[in-house]
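Pasted below: protein.cif, mmCIF, C-alpha atoms and all ligand atoms.
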```cif
data_upload
#
loop_
_atom_site.label_atom_id
_atom_site.label_comp_id
_atom_site.auth_asym_id
_atom_site.auth_seq_id
_atom_site.Cartn_x
_atom_site.Cartn_y
_atom_site.Cartn_z
CA MET A 857 2.14 -35.16 -16.91
CA LEU A 858 1.77 -38.76 -18.02
CA PRO A 859 -1.71 -40.27 -17.73
CA GLY A 860 -1.89 -42.19 -14.50
CA THR A 861 0.76 -40.12 -12.76
CA LEU A 862 -1.89 -38.20 -10.89
CA ALA A 863 -3.63 -41.45 -9.96
CA LEU A 864 -0.38 -42.86 -8.66
CA ALA A 865 0.39 -39.70 -6.70
CA ASN A 866 -3.06 -39.83 -5.18
CA MET A 867 -2.86 -43.49 -4.26
CA LYS A 868 0.36 -42.68 -2.43
CA GLN A 869 -1.23 -39.69 -0.74
CA CYS A 870 -4.26 -41.70 0.29
CA SER A 871 -2.15 -44.39 1.87
CA MET A 872 -0.63 -41.73 4.13
CA ALA A 873 -2.28 -40.63 7.33
CA ALA A 874 -5.23 -38.30 6.57
CA LYS A 875 -3.51 -35.42 8.34
CA ASN A 876 -0.71 -35.54 5.78
CA PHE A 877 -3.03 -35.26 2.80
CA ASP A 878 -2.96 -31.74 1.40
CA PRO A 879 -6.11 -31.06 -0.64
CA VAL A 880 -4.73 -27.83 -2.08
CA ALA A 881 -1.58 -29.60 -3.30
CA HIS A 882 -3.79 -32.29 -4.83
CA ASN A 883 -5.96 -29.69 -6.54
CA ARG A 884 -2.95 -27.84 -7.92
CA ILE A 885 -1.84 -30.96 -9.78
CA ALA A 886 -5.41 -31.77 -10.77
CA TRP A 887 -6.07 -28.29 -12.21
CA ASP A 888 -2.76 -28.25 -14.08
CA ARG A 889 -3.88 -31.49 -15.63
CA LEU A 890 -7.29 -30.06 -16.56
CA VAL A 891 -5.44 -27.27 -18.36
CA ASP A 892 -3.47 -29.85 -20.35
CA ASP A 893 -6.75 -31.58 -21.17
CA GLY A 894 -8.26 -28.36 -22.55
CA ASN A 895 -10.88 -27.80 -19.85
CA GLU A 896 -13.32 -25.12 -20.90
CA TRP A 897 -12.42 -22.90 -17.91
CA SER A 898 -8.81 -22.96 -19.09
CA ARG A 899 -9.36 -21.78 -22.64
CA PRO A 900 -8.06 -18.24 -23.03
CA VAL A 901 -10.03 -15.47 -24.70
CA ASP A 902 -9.10 -14.60 -28.26
CA ALA A 903 -7.44 -11.41 -29.47
CA GLU A 904 -10.72 -10.15 -30.94
CA THR A 905 -12.44 -10.30 -27.54
CA VAL A 906 -9.55 -8.39 -26.01
CA ALA A 907 -9.70 -5.76 -28.79
CA ARG A 908 -13.45 -5.30 -28.20
CA ALA A 909 -12.84 -4.91 -24.45
CA ARG A 910 -10.24 -2.24 -25.18
CA ALA A 911 -12.92 -0.40 -27.13
CA GLY A 912 -15.31 -0.60 -24.16
CA ASP A 913 -17.37 -3.59 -25.31
CA TRP A 914 -16.87 -6.26 -22.66
CA SER A 915 -18.56 -8.70 -20.30
CA VAL A 916 -17.32 -11.41 -17.94
CA VAL A 917 -18.90 -14.38 -16.20
CA LEU A 918 -19.01 -15.24 -12.51
CA ILE A 919 -21.39 -18.22 -12.90
CA GLY A 920 -21.86 -20.48 -15.92
CA TYR A 921 -22.34 -18.48 -19.08
CA GLU A 922 -24.21 -15.55 -17.47
CA ALA A 923 -22.69 -12.11 -17.93
CA VAL A 924 -22.22 -10.18 -14.70
CA PRO A 925 -24.46 -7.09 -14.70
CA ARG A 926 -22.27 -4.15 -15.70
CA GLU A 927 -23.56 -2.14 -12.72
CA TRP A 928 -21.99 -4.63 -10.32
CA PHE A 929 -18.62 -3.09 -11.24
CA PRO A 930 -17.48 0.46 -10.46
CA ALA A 931 -18.78 2.94 -13.05
CA GLU A 932 -15.22 3.69 -14.15
CA LEU A 933 -13.04 0.59 -14.51
CA SER A 934 -9.97 2.49 -15.58
CA GLY A 935 -7.40 2.40 -12.78
CA THR A 936 -9.53 0.07 -10.63
CA ARG A 937 -7.24 -2.26 -8.66
CA LEU A 938 -8.85 -5.61 -9.32
CA LEU A 939 -7.96 -9.01 -7.89
CA CYS A 940 -9.16 -11.93 -10.03
CA LEU A 941 -9.27 -14.53 -7.26
CA ALA A 942 -8.95 -18.21 -8.21
CA SER A 943 -9.71 -16.98 -11.68
CA GLY A 944 -6.89 -18.17 -13.91
CA GLY A 945 -7.31 -19.57 -17.40
CA GLY A 946 -6.77 -16.40 -19.42
CA GLN A 947 -10.45 -15.51 -19.32
CA GLN A 948 -11.76 -12.71 -17.08
CA GLY A 949 -8.33 -11.24 -16.20
CA PRO A 950 -7.38 -10.21 -19.74
CA ILE A 951 -10.85 -8.82 -20.50
CA LEU A 952 -10.89 -6.69 -17.35
CA ALA A 953 -7.31 -5.54 -17.99
CA ALA A 954 -8.21 -4.57 -21.56
CA ALA A 955 -11.21 -2.67 -20.18
CA GLY A 956 -8.81 -0.58 -18.10
CA ALA A 957 -8.50 -2.28 -14.71
CA GLU A 958 -5.16 -2.90 -12.98
CA VAL A 959 -5.47 -6.67 -12.81
CA THR A 960 -3.82 -9.22 -10.55
CA VAL A 961 -4.76 -12.85 -11.22
CA PHE A 962 -4.30 -15.14 -8.21
CA ASP A 963 -4.69 -18.89 -8.63
CA ASN A 964 -3.53 -22.20 -7.19
CA SER A 965 -2.59 -23.63 -10.61
CA PRO A 966 0.62 -22.51 -12.33
CA LYS A 967 -0.76 -23.60 -15.69
CA GLN A 968 -3.95 -21.60 -15.22
CA LEU A 969 -1.82 -18.53 -14.50
CA LEU A 970 0.31 -19.25 -17.55
CA ARG A 971 -2.83 -18.83 -19.67
CA ASP A 972 -3.23 -15.25 -18.39
CA GLU A 973 0.46 -14.54 -18.95
CA GLU A 974 0.24 -15.85 -22.51
CA VAL A 975 -2.75 -13.65 -23.35
CA ALA A 976 -1.06 -10.64 -21.73
CA ALA A 977 2.07 -11.21 -23.85
CA ARG A 978 0.05 -11.82 -27.01
CA ASP A 979 -2.12 -8.71 -26.66
CA GLY A 980 0.21 -6.31 -24.86
CA LEU A 981 -1.72 -6.25 -21.58
CA HIS A 982 -0.26 -5.63 -18.16
CA ILE A 983 -1.42 -8.42 -15.83
CA ARG A 984 0.23 -9.41 -12.56
CA THR A 985 -0.06 -13.09 -11.63
CA ALA A 986 0.38 -14.72 -8.21
CA LEU A 987 0.32 -18.38 -7.21
CA GLY A 988 -1.28 -19.52 -3.97
CA ASP A 989 -4.19 -20.78 -1.92
CA MET A 990 -7.18 -18.42 -1.80
CA ARG A 991 -7.33 -18.83 2.00
CA ASP A 992 -4.01 -17.01 2.33
CA LEU A 993 -3.66 -13.68 0.55
CA SER A 994 -0.68 -12.59 2.64
CA ALA A 995 1.10 -11.71 -0.62
CA PHE A 996 -1.12 -8.59 -0.60
CA GLU A 997 -1.25 -5.68 1.82
CA ASP A 998 -4.39 -4.53 3.63
CA ASP A 999 -6.69 -2.27 1.54
CA SER A 1000 -4.78 -3.00 -1.68
CA PHE A 1001 -7.73 -3.69 -4.01
CA ASP A 1002 -10.94 -1.93 -5.07
CA VAL A 1003 -12.61 -5.11 -6.37
CA VAL A 1004 -12.16 -8.83 -5.74
CA PHE A 1005 -13.63 -10.87 -8.60
CA ASN A 1006 -14.05 -14.55 -7.71
CA PRO A 1007 -15.80 -16.78 -10.26
CA VAL A 1008 -16.97 -20.29 -9.28
CA SER A 1009 -13.91 -21.81 -7.62
CA ASN A 1010 -14.47 -22.10 -3.88
CA VAL A 1011 -16.04 -25.51 -4.56
CA PHE A 1012 -12.37 -26.65 -4.67
CA CYS A 1013 -11.43 -24.99 -1.38
CA PRO A 1014 -11.77 -26.94 1.90
CA ASP A 1015 -12.97 -24.02 4.07
CA LEU A 1016 -14.31 -20.59 3.32
CA ALA A 1017 -14.10 -18.47 6.49
CA PRO A 1018 -10.42 -17.63 5.82
CA VAL A 1019 -11.24 -16.73 2.21
CA TRP A 1020 -13.88 -14.16 3.22
CA ARG A 1021 -11.63 -12.78 5.98
CA GLU A 1022 -8.76 -12.33 3.53
CA CYS A 1023 -10.99 -10.75 0.88
CA PHE A 1024 -12.22 -8.29 3.49
CA ARG A 1025 -8.69 -7.46 4.57
CA VAL A 1026 -7.23 -6.85 1.09
CA LEU A 1027 -10.18 -4.68 -0.02
CA ARG A 1028 -10.25 -0.99 0.77
CA PRO A 1029 -13.31 0.38 2.61
CA GLY A 1030 -15.96 0.80 -0.07
CA GLY A 1031 -14.41 -2.08 -2.05
CA LEU A 1032 -16.47 -4.81 -3.72
CA LEU A 1033 -16.43 -8.60 -3.56
CA LEU A 1034 -18.07 -10.30 -6.56
CA THR A 1035 -18.35 -14.04 -6.04
CA GLY A 1036 -19.89 -17.00 -7.85
CA PHE A 1037 -20.51 -20.36 -6.17
CA MET A 1038 -22.46 -23.59 -6.39
CA ASN A 1039 -25.87 -24.07 -4.83
CA PRO A 1040 -24.88 -26.86 -2.41
CA ASP A 1041 -28.04 -28.83 -3.27
CA ILE A 1042 -26.40 -30.00 -6.51
CA PHE A 1043 -24.13 -32.22 -4.42
CA ILE A 1044 -27.08 -34.29 -3.19
CA PHE A 1045 -27.17 -36.07 -6.54
CA ASP A 1046 -25.19 -39.11 -7.63
CA GLU A 1047 -22.61 -37.80 -10.10
CA ALA A 1048 -22.53 -40.80 -12.43
CA ALA A 1049 -26.32 -40.62 -12.73
CA LEU A 1050 -26.12 -36.86 -13.38
CA ASP A 1051 -23.77 -37.59 -16.28
CA ARG A 1052 -26.48 -39.91 -17.66
CA GLY A 1053 -29.06 -37.16 -17.30
CA GLU A 1054 -30.76 -38.69 -14.24
CA LEU A 1055 -31.30 -37.15 -10.83
CA ILE A 1056 -30.77 -39.66 -8.04
CA ALA A 1057 -30.67 -38.23 -4.53
CA ARG A 1058 -27.75 -39.93 -2.79
CA HIS A 1059 -25.47 -37.79 -0.62
CA PRO A 1060 -26.44 -36.08 2.62
CA LEU A 1061 -24.81 -32.66 2.83
CA PRO A 1062 -22.15 -31.51 3.35
CA PHE A 1063 -20.53 -33.40 0.50
CA ARG A 1064 -16.75 -33.81 0.29
CA THR A 1065 -15.00 -35.92 -2.34
CA THR A 1066 -12.81 -37.26 0.46
CA ASP A 1067 -15.87 -38.74 2.22
CA LEU A 1068 -16.81 -41.03 -0.69
CA PRO A 1069 -16.46 -44.80 -0.27
CA GLU A 1070 -12.82 -45.71 -0.85
CA ALA A 1071 -12.91 -47.08 -4.40
CA GLU A 1072 -15.04 -44.17 -5.57
CA ARG A 1073 -12.89 -41.67 -3.71
CA LEU A 1074 -9.72 -43.01 -5.32
CA ALA A 1075 -11.32 -42.87 -8.74
CA ALA A 1076 -12.59 -39.32 -8.18
CA GLN A 1077 -9.22 -38.18 -6.87
CA ALA A 1078 -7.46 -39.72 -9.83
CA ALA A 1079 -9.90 -38.05 -12.21
CA GLY A 1080 -9.76 -34.49 -10.95
CA PRO A 1081 -9.88 -31.91 -8.17
CA LEU A 1082 -11.49 -32.52 -4.79
CA GLU A 1083 -14.82 -30.77 -4.30
CA TYR A 1084 -16.65 -29.43 -1.25
CA SER A 1085 -20.36 -28.55 -1.25
CA HIS A 1086 -20.22 -25.72 1.36
CA SER A 1087 -23.50 -24.61 2.92
CA LEU A 1088 -25.25 -21.30 2.22
CA THR A 1089 -24.34 -20.39 5.79
CA GLU A 1090 -20.66 -20.74 4.87
CA GLN A 1091 -21.15 -18.93 1.58
CA ILE A 1092 -23.49 -16.06 2.40
CA GLY A 1093 -23.37 -16.12 6.20
CA GLY A 1094 -19.58 -16.30 5.93
CA GLN A 1095 -19.36 -13.13 3.86
CA LEU A 1096 -21.60 -11.34 6.36
CA ALA A 1097 -19.60 -12.68 9.32
CA ALA A 1098 -16.41 -11.31 7.72
CA GLY A 1099 -18.00 -7.85 7.75
CA PHE A 1100 -19.39 -7.53 4.22
CA THR A 1101 -22.77 -6.04 3.38
CA LEU A 1102 -24.60 -7.96 0.68
CA THR A 1103 -25.93 -5.68 -2.06
CA HIS A 1104 -27.04 -8.18 -4.77
CA LEU A 1105 -27.71 -11.88 -5.21
CA VAL A 1106 -28.71 -13.68 -8.41
CA GLU A 1107 -29.15 -17.35 -9.30
CA GLY A 1108 -28.47 -19.05 -12.61
CA PRO A 1109 -28.77 -22.53 -14.17
CA HIS A 1110 -25.83 -24.90 -14.38
CA HIS A 1111 -24.23 -24.48 -17.78
CA ASP A 1112 -24.13 -28.12 -18.84
CA ASP A 1113 -26.11 -30.56 -16.73
CA ILE A 1114 -29.64 -31.82 -16.26
CA THR A 1115 -30.15 -29.89 -13.01
CA ALA A 1116 -30.71 -26.79 -15.18
CA LYS A 1117 -34.17 -28.21 -15.90
CA TYR A 1118 -35.05 -28.25 -12.20
CA PHE A 1119 -33.29 -25.56 -10.21
CA PRO A 1120 -30.63 -22.85 -10.48
CA ALA A 1121 -27.38 -24.51 -9.40
CA TYR A 1122 -25.29 -21.35 -9.38
CA ILE A 1123 -25.44 -18.28 -7.15
CA ALA A 1124 -23.60 -14.99 -7.59
CA THR A 1125 -23.32 -12.30 -4.95
CA ARG A 1126 -22.06 -8.73 -4.82
CA ALA A 1127 -20.88 -7.56 -1.41
CA LEU A 1128 -19.50 -4.28 -0.13
CA LYS A 1129 -16.81 -3.66 2.47
CA PRO A 1130 -18.43 -0.80 4.45
C1 LIG B 1201 -13.48 -23.17 -12.68
S1 LIG B 1201 -11.85 -22.48 -12.55
C2 LIG B 1201 -12.21 -20.75 -12.50
C3 LIG B 1201 -11.53 -19.96 -13.53
C4 LIG B 1201 -12.31 -19.53 -14.71
N1 LIG B 1201 -11.62 -18.44 -15.35
C5 LIG B 1201 -13.80 -19.21 -14.54
O1 LIG B 1201 -14.34 -18.48 -15.35
O2 LIG B 1201 -14.52 -19.75 -13.69
C6 LIG B 1201 -11.47 -22.75 -10.86
C7 LIG B 1201 -10.10 -22.18 -10.51
O3 LIG B 1201 -9.93 -22.21 -9.11
C8 LIG B 1201 -8.56 -22.47 -8.88
N2 LIG B 1201 -8.43 -22.93 -7.49
C9 LIG B 1201 -8.88 -24.09 -6.96
N3 LIG B 1201 -8.59 -24.15 -5.65
C10 LIG B 1201 -7.95 -23.00 -5.34
C11 LIG B 1201 -7.40 -22.47 -4.14
N4 LIG B 1201 -7.45 -23.14 -2.98
N5 LIG B 1201 -6.81 -21.26 -4.18
C12 LIG B 1201 -6.73 -20.57 -5.35
N6 LIG B 1201 -7.23 -21.03 -6.52
C13 LIG B 1201 -7.85 -22.23 -6.52
C14 LIG B 1201 -8.21 -23.50 -9.93
O4 LIG B 1201 -6.81 -23.63 -10.09
C15 LIG B 1201 -8.94 -22.94 -11.13
O5 LIG B 1201 -8.15 -22.08 -11.88
#
```
As structure tokens - that is how I would like this structure written.
Ligand SMILES: C[S@@+](CC[C@H](N)C(=O)[O-])C[C@H]1O[C@@H](n2cnc3c(N)ncnc32)[C@H](O)[C@@H]1O
Amino acid sequence: MLPGTLALANMKQCSMAAKNFDPVAHNRIAWDRLVDDGNEWSRPVDAETVARARAGDWSVVLIGYEAVPREWFPAELSGTRLLCLASGGGQQGPILAAAGAEVTVFDNSPKQLLRDEEVAARDGLHIRTALGDMRDLSAFEDDSFDVVFNPVSNVFCPDLAPVWRECFRVLRPGGLLLTGFMNPDIFIFDEAALDRGELIARHPLPFRTTDLPEAERLAAQAAGPLEYSHSLTEQIGGQLAAGFTLTHLVEGPHHDDITAKYFPAYIATRALKP
């Protein structure tokens, strides 16, 4: 896509009535563009990492650069039906497939999915890919997965209740939901100041990119995906309301901003479908 095309598309979208603005369509274009720009969450794993995973030496991240504890996964990964949800980029999917899981990668960005397909072709892995919005997993039958693996991504999704409901539906009883998400408090801070290494409290929560003052909103929309802070009630309470039992929760520092000095900006949870 030509630079500025996204900006133009967004200006047009913004001039339409708010009800016609589709945040998921916006974020699809925005994430495809991040892939073109070499975003770090779009850089596929190398063949050596895949070879090590095939030999049983593997780890994956749900939040920042922190490896998920191995015991969060089933003891035997071989044959585990695993849905990598909003987890494109050729990262966790290929590692988990090389470790023996039957992997499906679901994502809203065609270019993110292409990364997984490229790694699968390069390293002879079987990975199924599916394009869509994480709030609608109707492409999958009830009880069709043993594990849903969802690294930090719901920050780009307007509402979470449907996500948790769908995860619950597609998991078999006894299945696991592993999710990473942002501590909403990070959205209190002015983003430009954060980039300068300063913490300036500015936004009351909940934060939504679309609520920014117009000039800022247009600039943010032209620059990238829309973000939503989501409360802990939506994140953790939402999983419980969908029927999950929480078994583990850990926090971790943001991987590349000043907040890491002050508080853990990431949270990861492991939940069980009883
Ligand atoms: C930070 S990346 C996560 C992938 C990465 N492999 C990781 O380790 O975190 C966020 C992903 O969420 C996807 N995404 C954003 N909104 C989505 C939605 N509504 N439904 C499905 N995927 C979505 C993006 O396309 C992107 O691939």
Centre, edges in Å (one decimal): axis-aligned box, ligand LIG 1201 (chain B), 3 Å padding on all six sides, as lines of an AutoDock Vina configuration file:
```
center_x = -10.6
center_y = -21.3
center_z = -9.2
size_x = 13.8
size_y = 11.7
size_z = 18.4
```
inquiry  = Using only C-alpha atoms, can you tell me which of A:Tyr1118, A:Tyr1084, A:Trp1020, A:Trp914 comes closest to A:Ala955?
reply    =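 Ranked by minimum distance to A:Ala955, first place goes to A:Trp914.
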message = As an exercise, work out the distance from atom CA of A:Ile951 to atom CA of A:Arg991 in Å and give it to one decimal place.
response = 24.9 Å
request  = Using only C-alpha atoms and all ligand atoms, find each protein or nucleic acid residue lying at most 7 Å from ligand LIG 1201 (chain B); present the set as a VMD selection string.
outcome  = chain A and resid 880 883 to 884 887 897 to 898 917 to 918 941 to 948 962 to 965 968 988 to 991 1007 to 1010 1012 to 1013
Would you tabulate, counting all atoms listed in the file, all residues of stretch 1074-1122 of chain A that have an atom at most 7 Å from an atom of stretch 1033-1052 of chain A, showing the closest pair of atoms and their distance in Å to one decimal, sorted by chain then ascending number, as a Markdown table?
```
| residue | atom | partner | partner_atom | distance |
| --- | --- | --- | --- | --- |
| A:Ser1085 | CA | A:Pro1040 | CA | 5.0 |
| A:His1086 | CA | A:Pro1040 | CA | 6.1 |
| A:Ser1087 | CA | A:Pro1040 | CA | 5.9 |
| A:Ile1114 | CA | A:Leu1050 | CA | 6.8 |
| A:Ala1121 | CA | A:Asn1039 | CA | 4.8 |
| A:Tyr1122 | CA | A:Met1038 | CA | 4.7 |
```
key: Polymer residues at most 7 Å from (-23.6, -21.7, -14.4) by only C-alpha atoms, as a PyMOL selection string   = chain A and resi 919-922+1108-1111+1121-1122
Quick one: residues within 8 Å of A:Ala1098, all atoms listed in the file, excluding same-chain residues fewer than 3 positions away - as a PDB file with C-alpha atoms, keeping the file's coordinate frame?
```pdb
ATOM      1  CA  ALA A1017     -14.100 -18.470   6.490  1.00  0.00           C
ATOM      2  CA  TRP A1020     -13.880 -14.160   3.220  1.00  0.00           C
ATOM      3  CA  ARG A1021     -11.630 -12.780   5.980  1.00  0.00           C
ATOM      4  CA  PHE A1024     -12.220  -8.290   3.490  1.00  0.00           C
ATOM      5  CA  GLY A1094     -19.580 -16.300   5.930  1.00  0.00           C
ATOM      6  CA  GLN A1095     -19.360 -13.130   3.860  1.00  0.00           C
TER       7      GLN A1095
END
```
